[in-house]
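*Asks:* Input my_file.tsv, format and content: TSV, C-alpha atoms.
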```tsv
chain	number	residue	atom	x	y	z
P	368	MET	CA	0.00	0.00	0.00
P	369	CYS	CA	3.02	2.26	0.46
P	370	THR	CA	6.75	2.02	-0.12
P	371	LEU	CA	9.73	3.71	1.47
P	372	GLU	CA	13.04	4.22	-0.28
P	373	LYS	CA	16.17	6.17	0.57
P	374	ARG	CA	17.82	8.46	-1.96
P	375	GLY	CA	20.87	9.90	-0.29
P	376	ASN	CA	19.52	11.97	2.60
P	377	ILE	CA	15.97	11.89	1.24
P	378	PHE	CA	13.36	9.39	2.39
P	379	LEU	CA	10.70	8.94	-0.33
P	380	LEU	CA	7.36	7.63	0.96
P	381	THR	CA	4.98	6.65	-1.86
P	382	LEU	CA	1.35	5.59	-1.65
P	383	VAL	CA	1.39	2.96	-4.39
P	384	GLY	CA	-1.22	1.75	-6.86
P	385	ASP	CA	-3.81	3.41	-9.06
P	386	ASP	CA	-6.61	3.50	-6.48
P	387	GLU	CA	-7.85	6.36	-4.30
P	388	HIS	CA	-5.38	5.71	-1.48
P	389	ARG	CA	-8.23	5.71	1.01
P	390	LEU	CA	-6.89	5.98	4.55
P	391	SER	CA	-8.03	2.61	5.84
P	392	PRO	CA	-6.65	1.19	9.09
P	393	ASN	CA	-4.23	-0.89	7.01
P	394	LEU	CA	-2.87	2.05	5.01
P	395	ILE	CA	-2.65	4.27	8.10
P	396	GLY	CA	-0.76	1.47	9.83
P	397	GLU	CA	1.68	1.13	6.93
P	398	ILE	CA	2.30	4.88	6.86
P	399	GLY	CA	2.91	4.79	10.60
P	400	SER	CA	5.41	1.93	10.23
P	401	ALA	CA	7.22	3.79	7.45
P	402	LEU	CA	7.46	6.95	9.56
P	403	SER	CA	8.80	4.92	12.49
P	404	GLN	CA	11.51	3.59	10.18
P	405	VAL	CA	12.28	7.10	8.95
P	406	ARG	CA	12.64	8.33	12.52
P	407	ALA	CA	14.87	5.38	13.45
P	408	GLU	CA	17.16	5.90	10.45
P	409	ALA	CA	17.20	9.72	10.52
P	410	THR	CA	20.53	11.47	10.49
P	411	ARG	CA	21.55	15.08	10.41
P	412	GLY	CA	20.32	16.53	7.10
P	413	SER	CA	17.55	13.99	6.49
P	414	VAL	CA	14.38	15.02	4.59
P	415	LEU	CA	11.05	13.25	3.99
P	416	VAL	CA	9.13	13.52	0.69
P	417	THR	CA	5.65	11.96	0.53
P	418	THR	CA	3.74	11.38	-2.71
P	419	GLY	CA	1.17	9.08	-4.31
P	420	GLN	CA	0.76	7.21	-7.56
P	421	GLY	CA	-2.21	7.63	-9.89
P	422	LYS	CA	-4.97	10.26	-9.91
P	423	PHE	CA	-5.21	10.56	-6.14
P	424	PHE	CA	-2.87	11.68	-3.40
P	425	SER	CA	-5.52	10.41	-0.96
P	426	ASN	CA	-9.30	10.58	-1.12
P	427	GLY	CA	-9.73	10.56	2.65
P	428	PHE	CA	-10.85	7.89	5.08
P	429	ASP	CA	-12.10	4.51	3.90
P	430	LEU	CA	-15.80	5.30	4.41
P	431	ALA	CA	-16.88	2.13	2.63
P	432	TRP	CA	-15.06	0.08	5.28
P	433	ALA	CA	-16.74	2.09	8.04
P	434	GLU	CA	-20.20	1.76	6.48
P	435	SER	CA	-19.79	-2.00	6.00
P	436	ALA	CA	-20.07	-2.39	9.79
P	437	GLY	CA	-23.69	-1.22	9.69
P	438	SER	CA	-25.25	1.51	11.78
P	439	ASN	CA	-24.03	-0.02	15.04
P	440	GLY	CA	-20.38	-0.18	14.02
P	441	LEU	CA	-20.10	2.86	11.74
P	442	LEU	CA	-19.18	5.43	14.37
P	443	HIS	CA	-16.77	3.06	16.07
P	444	ARG	CA	-14.89	2.48	12.82
P	445	LEU	CA	-14.86	6.18	11.98
P	446	ARG	CA	-13.46	6.97	15.43
P	447	HIS	CA	-10.80	4.29	14.98
P	448	MET	CA	-9.59	5.87	11.72
P	449	ILE	CA	-9.74	9.39	13.19
P	450	ASP	CA	-7.69	8.36	16.23
P	451	SER	CA	-5.20	6.43	14.10
P	452	LEU	CA	-4.60	9.33	11.72
P	453	LYS	CA	-4.12	11.65	14.69
P	454	LEU	CA	-1.02	9.63	15.56
P	455	ILE	CA	0.28	10.09	12.00
P	456	VAL	CA	-0.25	13.85	12.15
P	457	ALA	CA	1.54	13.96	15.50
P	458	GLU	CA	4.41	11.91	14.08
P	459	LEU	CA	4.80	14.25	11.10
P	460	LEU	CA	4.70	17.32	13.37
P	461	SER	CA	7.46	15.86	15.53
P	462	LEU	CA	9.57	14.17	12.85
P	463	PRO	CA	13.20	15.37	13.16
P	464	MET	CA	13.58	16.61	9.59
P	465	PRO	CA	11.89	18.84	6.98
P	466	THR	CA	8.88	17.23	5.30
P	467	ILE	CA	7.50	17.82	1.80
P	468	ALA	CA	4.25	16.59	0.26
P	469	ALA	CA	4.24	16.19	-3.53
P	470	VAL	CA	0.48	16.13	-4.10
P	471	SER	CA	0.00	13.97	-7.16
P	472	GLY	CA	-3.78	14.32	-7.51
P	473	HIS	CA	-6.94	14.77	-5.48
P	474	ALA	CA	-6.37	15.28	-1.75
P	475	ALA	CA	-9.74	15.21	0.02
P	476	ALA	CA	-10.75	15.37	3.68
P	477	ALA	CA	-8.29	13.22	5.66
P	478	GLY	CA	-6.07	13.13	2.55
P	479	PHE	CA	-5.98	16.93	2.60
P	480	VAL	CA	-5.06	16.75	6.30
P	481	LEU	CA	-2.24	14.33	5.50
P	482	ALA	CA	-0.80	16.78	2.97
P	483	LEU	CA	-1.18	19.76	5.32
P	484	SER	CA	0.74	17.90	8.01
P	485	HIS	CA	3.92	18.39	5.97
P	486	ASP	CA	6.09	21.52	6.09
P	487	TYR	CA	5.85	22.15	2.35
P	488	ILE	CA	3.21	21.22	-0.24
P	489	LEU	CA	3.91	21.07	-3.98
P	490	MET	CA	1.01	20.11	-6.24
P	491	ARG	CA	0.25	19.24	-9.84
P	492	LYS	CA	-2.01	21.73	-11.62
P	493	ASP	CA	-3.16	19.65	-14.58
P	494	ARG	CA	-5.39	17.45	-12.40
P	495	GLY	CA	-6.50	17.25	-8.79
P	496	VAL	CA	-8.04	19.43	-6.11
P	497	LEU	CA	-7.77	20.05	-2.39
P	498	TYR	CA	-11.20	19.41	-0.92
P	499	MET	CA	-12.44	19.36	2.68
P	500	SER	CA	-15.56	17.33	1.91
P	501	GLU	CA	-17.07	16.91	5.39
P	502	LEU	CA	-19.76	19.57	4.92
P	503	ASP	CA	-20.94	17.94	1.70
P	504	ILE	CA	-21.10	14.43	3.16
P	505	GLY	CA	-22.53	15.41	6.54
P	506	LEU	CA	-19.63	14.83	8.91
P	507	THR	CA	-18.15	17.14	11.52
P	508	LEU	CA	-14.45	17.93	11.62
P	509	PRO	CA	-12.32	16.34	14.36
P	510	ASP	CA	-10.62	18.76	16.74
P	511	TYR	CA	-7.14	18.18	15.34
P	512	PHE	CA	-8.41	18.70	11.76
P	513	MET	CA	-9.65	22.16	12.74
P	514	ALA	CA	-6.51	23.01	14.72
P	515	LEU	CA	-4.38	22.05	11.71
P	516	LEU	CA	-6.54	24.09	9.33
P	517	ARG	CA	-6.47	27.14	11.62
P	518	GLU	CA	-2.70	27.11	11.96
P	519	LYS	CA	-1.78	26.12	8.41
P	520	ILE	CA	-4.33	28.29	6.50
P	521	GLN	CA	-3.78	31.75	7.93
P	522	SER	CA	-6.26	33.68	5.78
P	523	PRO	CA	-9.72	33.64	7.43
P	524	MET	CA	-11.38	33.95	4.01
P	525	ALA	CA	-9.37	31.09	2.53
P	526	ARG	CA	-10.14	28.95	5.57
P	527	ARG	CA	-13.83	29.85	5.30
P	528	ASP	CA	-13.91	28.75	1.68
P	529	VAL	CA	-12.22	25.47	2.55
P	530	VAL	CA	-14.36	24.47	5.54
P	531	LEU	CA	-17.63	26.40	5.15
P	532	GLN	CA	-18.00	26.22	1.37
P	533	ALA	CA	-16.34	22.84	0.85
P	534	ALA	CA	-14.48	24.48	-2.02
P	535	LYS	CA	-12.60	22.27	-4.46
P	536	VAL	CA	-9.35	24.20	-4.71
P	537	LYS	CA	-7.06	23.68	-7.69
P	538	ALA	CA	-3.32	24.08	-7.38
P	539	GLU	CA	-2.91	27.59	-8.79
P	540	ALA	CA	-5.73	28.91	-6.58
P	541	ALA	CA	-4.22	27.11	-3.59
P	542	VAL	CA	-0.94	28.98	-4.15
P	543	LYS	CA	-2.80	32.32	-4.14
P	544	MET	CA	-4.69	31.31	-0.99
P	545	GLY	CA	-1.41	30.49	0.76
P	546	ILE	CA	-2.29	26.81	1.23
P	547	ILE	CA	0.48	25.30	-0.91
P	548	ASP	CA	3.93	26.43	-1.98
P	549	SER	CA	3.91	25.83	-5.72
P	550	ALA	CA	1.95	24.39	-8.67
P	551	HIS	CA	3.50	22.22	-11.38
P	552	ASP	CA	2.45	20.99	-14.81
P	553	SER	CA	2.24	17.29	-13.89
P	554	ALA	CA	2.60	14.86	-11.01
P	555	ALA	CA	6.07	13.94	-12.25
P	556	GLU	CA	7.16	17.59	-12.26
P	557	ALA	CA	5.72	18.15	-8.78
P	558	LEU	CA	7.71	15.18	-7.48
P	559	GLU	CA	10.87	16.31	-9.26
P	560	ALA	CA	10.50	19.77	-7.71
P	561	ALA	CA	9.92	18.23	-4.28
P	562	LEU	CA	13.08	16.14	-4.60
P	563	ARG	CA	15.08	19.20	-5.67
P	564	MET	CA	13.73	21.10	-2.69
P	565	GLY	CA	14.60	18.14	-0.49
P	566	GLU	CA	18.19	18.17	-1.72
P	567	LYS	CA	18.52	21.87	-0.94
P	568	LEU	CA	17.09	21.39	2.54
P	569	ALA	CA	19.29	18.36	3.16
P	570	ALA	CA	22.35	20.42	2.23
P	571	ARG	CA	21.64	22.74	5.17
P	572	ASN	CA	22.57	19.80	7.43
P	573	TRP	CA	20.32	20.91	10.26
P	574	ASP	CA	20.05	19.15	13.59
P	575	GLY	CA	16.77	17.22	13.32
P	576	GLY	CA	15.88	17.45	17.00
P	577	ILE	CA	16.17	21.23	17.01
P	578	TYR	CA	14.25	21.43	13.73
P	579	ALA	CA	11.38	19.39	15.20
P	580	ASP	CA	11.33	21.47	18.37
P	581	ILE	CA	11.11	24.74	16.42
P	582	ARG	CA	8.35	23.27	14.24
P	583	LYS	CA	6.31	22.26	17.26
P	584	SER	CA	6.78	25.72	18.77
P	585	SER	CA	5.45	27.21	15.53
P	586	PHE	CA	2.07	25.48	15.91
P	587	PRO	CA	1.24	25.66	19.63
P	588	GLU	CA	-2.53	25.12	19.37
P	589	LEU	CA	-2.13	22.08	17.16
P	590	CYS	CA	0.52	20.58	19.43
P	591	VAL	CA	-1.75	20.95	22.45
P	592	VAL	CA	-4.56	19.11	20.63
P	593	LEU	CA	-2.11	16.42	19.48
P	594	GLY	CA	-0.61	16.04	22.95
P	595	LEU	CA	2.85	17.09	21.80
P	596	GLN	CA	5.25	19.03	23.98
P	597	SER	CA	8.19	21.09	22.85
P	598	LYS	CA	11.40	21.61	24.73
P	599	THR	CA	13.94	24.36	24.50
P	600	SER	CA	17.28	23.15	23.22
P	601	VAL	CA	20.27	25.48	23.31
P	602	THR	CA	23.49	24.36	21.66
P	603	ALA	CA	26.54	26.56	21.45
P	604	ARG	CA	27.95	26.96	17.95
P	605	LEU	CA	31.64	27.70	17.87
```
Would you give me this structure, written as structure tokens?

*Replies:*
Amino acid sequence: MCTLEKRGNIFLLTLVGDDEHRLSPNLIGEIGSALSQVRAEATRGSVLVTTGQGKFFSNGFDLAWAESAGSNGLLHRLRHMIDSLKLIVAELLSLPMPTIAAVSGHAAAAGFVLALSHDYILMRKDRGVLYMSELDIGLTLPDYFMALLREKIQSPMARRDVVLQAAKVKAEAAVKMGIIDSAHDSAAEALEAALRMGEKLAARNWDGGIYADIRKSSFPELCVVLGLQSKTSVTARL
């Protein structure tokens, strides 16, 4: 469901296959295992790039799996996926390295949240939208979804359009709204740009622990909701 490869200092995490990359318990578990491996193998100057194959980056939670449990099990399965993804968001917010999402296609709901959990977002503009679909499908937003949206989408009007209009935002509009960093002609070009950015960030050779601590300090509300704590690290540079 996903692969992890190492290219120099860059870890490349890919959601594989030509499906919607729905965030089922199995896929969330595989992403979590990959991130644990990244953390274990991290060195000074490491960078993570996350992307997906096919038309979708991720089309959100596996609602078909939740609904297959019937009315009695639906909410339990939804809560399980929500709680499991919360751990992934927390892991990305505390990962000791810069993180880049190369959004290869549609990123909806929880898939949008997965992309936003990275430090940088690069996206293809020939196909795909960012879409917080909960309003259209009749679901409320979990607390950490809203905390992430508040801290990562600074414009109140842009955030309103995303959550209260369920806007389907294409890449070039997302750049103007301050949601993503850049738009590219194809998925391949978005990934190539992400890898180039990763190489530049890796060359800075930053201390990953300090990087993670500064990141967490940058998003205090989100870290409270995620149960993350930051610590102040002071290292003399001679």

*Asks:* List the neighbours of stretch 492-494 of chain P out to 9 Å using all atoms listed in the file; skip same-chain residues closer than 6 positions along the sequence, and give me the result as a PyMOL selection string.

*Replies:* chain P and resi 422+471-473+537-539+550-554+557

*Asks:* What is the distance between atom CA of P:Ile467 and atom CA of P:Lys567, in Å to one decimal?

*Replies:*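 Answer for the atom CA of P:Ile467 to atom CA of P:Lys567 separation: 12.1 Å.
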
*Asks:* If you count all atoms listed in the file, which residues fall within 7 Å of P:Phe378, apart from same-chain ones fewer than 2 positions away, as a short mmCIF file (atom, residue, chain, number, x, y, z; two decimals) with C-alpha atoms, keeping the file's coordinate frame?

*Replies:*
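Below is the file part35.cif, written as the result:
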```cif
data_model
loop_
_atom_site.label_atom_id
_atom_site.label_comp_id
_atom_site.auth_asym_id
_atom_site.auth_seq_id
_atom_site.Cartn_x
_atom_site.Cartn_y
_atom_site.Cartn_z
CA LEU P 371 9.73 3.71 1.47
CA GLU P 372 13.04 4.22 -0.28
CA LYS P 373 16.17 6.17 0.57
CA ARG P 374 17.82 8.46 -1.96
CA ASN P 376 19.52 11.97 2.60
CA LEU P 380 7.36 7.63 0.96
CA VAL P 414 14.38 15.02 4.59
CA LEU P 415 11.05 13.25 3.99
CA VAL P 416 9.13 13.52 0.69
#
```

*Asks:* My list of candidates is P:Met524, P:Leu460, P:Ala474, P:Leu497. Which is closest to P:Leu390 when distances are computed with all atoms listed in the file?

*Replies:*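 Checking each of P:Met524, P:Leu460, P:Ala474, P:Leu497 against P:Leu390, counting all atoms listed in the file, the winner is P:Ala474.
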
*Asks:* Can you pull out every residue within 6 Å of stretch 475-478 of chain P, counting all atoms listed in the file, but drop anything in the same chain fewer than 2 positions away, and send it as an MDAnalysis selection string?

*Replies:* chainID P and resid 425:428 480:481 497:500

*Asks:* Could you write out the selected residues, including C-alpha atoms, as a compact mmCIF listing (two decimals), keeping the file's coordinate frame?

*Replies:*
```
# COMPACT_ATOMS: atom_id res chain seq x y z
CA SER P 425 -5.52 10.41 -0.96
CA ASN P 426 -9.30 10.58 -1.12
CA GLY P 427 -9.73 10.56 2.65
CA PHE P 428 -10.85 7.89 5.08
CA VAL P 480 -5.06 16.75 6.30
CA LEU P 481 -2.24 14.33 5.50
CA LEU P 497 -7.77 20.05 -2.39
CA TYR P 498 -11.20 19.41 -0.92
CA MET P 499 -12.44 19.36 2.68
CA SER P 500 -15.56 17.33 1.91
```

*Asks:* Tell me which protein, DNA and RNA residues are within 12 Å of P:Lys453, counting all atoms listed in the file, leaving out same-chain ones fewer than 6 positions away, and put them as an MDAnalysis selection string.

*Replies:* chainID P and resid 390 395:396 399 446:447 459:460 477 480:481 484 509:512 514:515 589:590 592:595

*Asks:* From the set P:Asn393, P:Asn439, P:Thr418, P:Thr466, which residue has the shortest atom-to-atom contact distance to P:Val405, counting all atoms listed in the file?

*Replies:*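 Counting all atoms listed in the file, the residue closest to P:Val405 is P:Thr466.
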
*Asks:* Padding 3 Å on every side, please: axis-aligned box over the listed atoms of stretch 480-497 of chain P, centre and edge lengths to one decimal in Å, as AutoDock Vina command-line options.

*Replies:*
```
--center_x -1.0 --center_y 18.2 --center_z -3.3 --size_x 20.1 --size_y 13.8 --size_z 28.6
```

*Asks:* Do you have the atom CA of P:Ser584-atom CA of P:Pro463 distance handy?

*Replies:*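 That distance, rounded to one decimal, is 13.4 Å.
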
*Asks:* Quick check, in Å to one decimal: how far apart do atom CA of P:His443 and atom CA of P:Arg526 lie?

*Replies:*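 Separation of atom CA of P:His443 and atom CA of P:Arg526: 28.7 Å.
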
*Asks:* Which residues are close to P:Val470, i.e. within 7 Å by all atoms listed in the file, leaving aside same-chain residues fewer than 2 positions away? Reply as an NGL selection string.

*Replies:* :P and (418 or 424 or 468 or 472 or 488-491)
